[in-house]
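Following: one structure in structure tokens, then a few remarks.
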Amino acid sequence: MENKSTTKEFWRAFKFLLISISAGIVQVGTFTLFNELFKWGYWVAYLTSLLLSVLWNFTINRKYTFKSANNVKIAMLLVLLFYAVFTPVSTILGNLAESNGANEYLVLAVTMLSNFALEFLYSRYVVYRNSCDTAVKNKGGKEKSE
């Protein structure tokens, strides 16, 4: 039985990776737009692009990776708590690195990799700890709670 659980968690992590890559594309694309076209400062471009990617990532992972019927407001509040810590730390450190000569895209890449690992662990073991695979589809294709 443990092997089945391990396999299921591997695929859950793999789906999270794929969806996070798509969120990363959203983040890099919008960051590049804000940084290159609009000439926003690092922290404004970073915060805006981070917010857009978080919304994308949360929405898709909740439905397809964790398949959670958990209360959306509670799940989003828990994700907000994660970002209440991660965002200021990553913004301050990223801005500090960039203002001391680090390439802004390298800073963004390191920040995104850190975000990926920490967010998966937090989502799996805090946000969706007891609600993974609780959303099931009814005959009409809409999700409902078990």
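Labeling convention for the structure tokens: chains A, B, ... as they appear, residues from 1 per chain, ligands from 1 in order of appearance.
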(Q) DSSP on the backbone, strand (DSSP E) only: what residues of chain A does that give? Format it as a count of residues only. (A) 6
Q) What lies within 8 Å of A:Ser131 using only C-alpha atoms, ignoring chain neighbours under 4 positions off, as a list in words? A)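 With the cut-off at 8 Å, the set is Phe66, Lys67, Ser68, Ala69 and Asn70 of chain A.
The closest residue to A:Phe16, picked from A:Leu78, A:Leu118, A:Leu33, A:Val44 and counting only C-alpha atoms, is A:Leu118.
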Q: Run DSSP on the backbone and grab whatever in stretch 7-139 of chain A lands in helix (DSSP H, G or I); send it over as an MDAnalysis selection string.
A: chainID A and resid 7:37 42:65 72:99 104:127
**Q.** Among the residues A:Asn71, A:Pro88, A:Asn115, A:Met76, the one that comes closest to A:Thr134 [using only C-alpha atoms]
**A.**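 Comparing A:Asn71, A:Pro88, A:Asn115, A:Met76 against A:Thr134, the winner is A:Asn71.
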Q) Neighbours of A:Ser53 within 7 Å (only C-alpha atoms; same-chain residues fewer than 3 positions away dropped), as a list in words? A)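 My reading of the contact set: Ala23, Gly24, Val26, Gln27, Ser49, Leu50, Trp56 and Asn57 of chain A.
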Q) Between A:Asn35, A:Ser114, A:Ser20, A:Asn100, which one has atoms that come closest to A:Leu55, using only C-alpha atoms? A)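 Looking at the shortest contact to A:Leu55, the residue is A:Ser20.
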(Q) Which residues are close to A:Cys132, i.e. within 12 Å by only C-alpha atoms, leaving aside same-chain residues fewer than 5 positions away? Reply as a PyMOL selection string. (A) chain A and resi 8-9+12+61-70+75+123-127+145-146
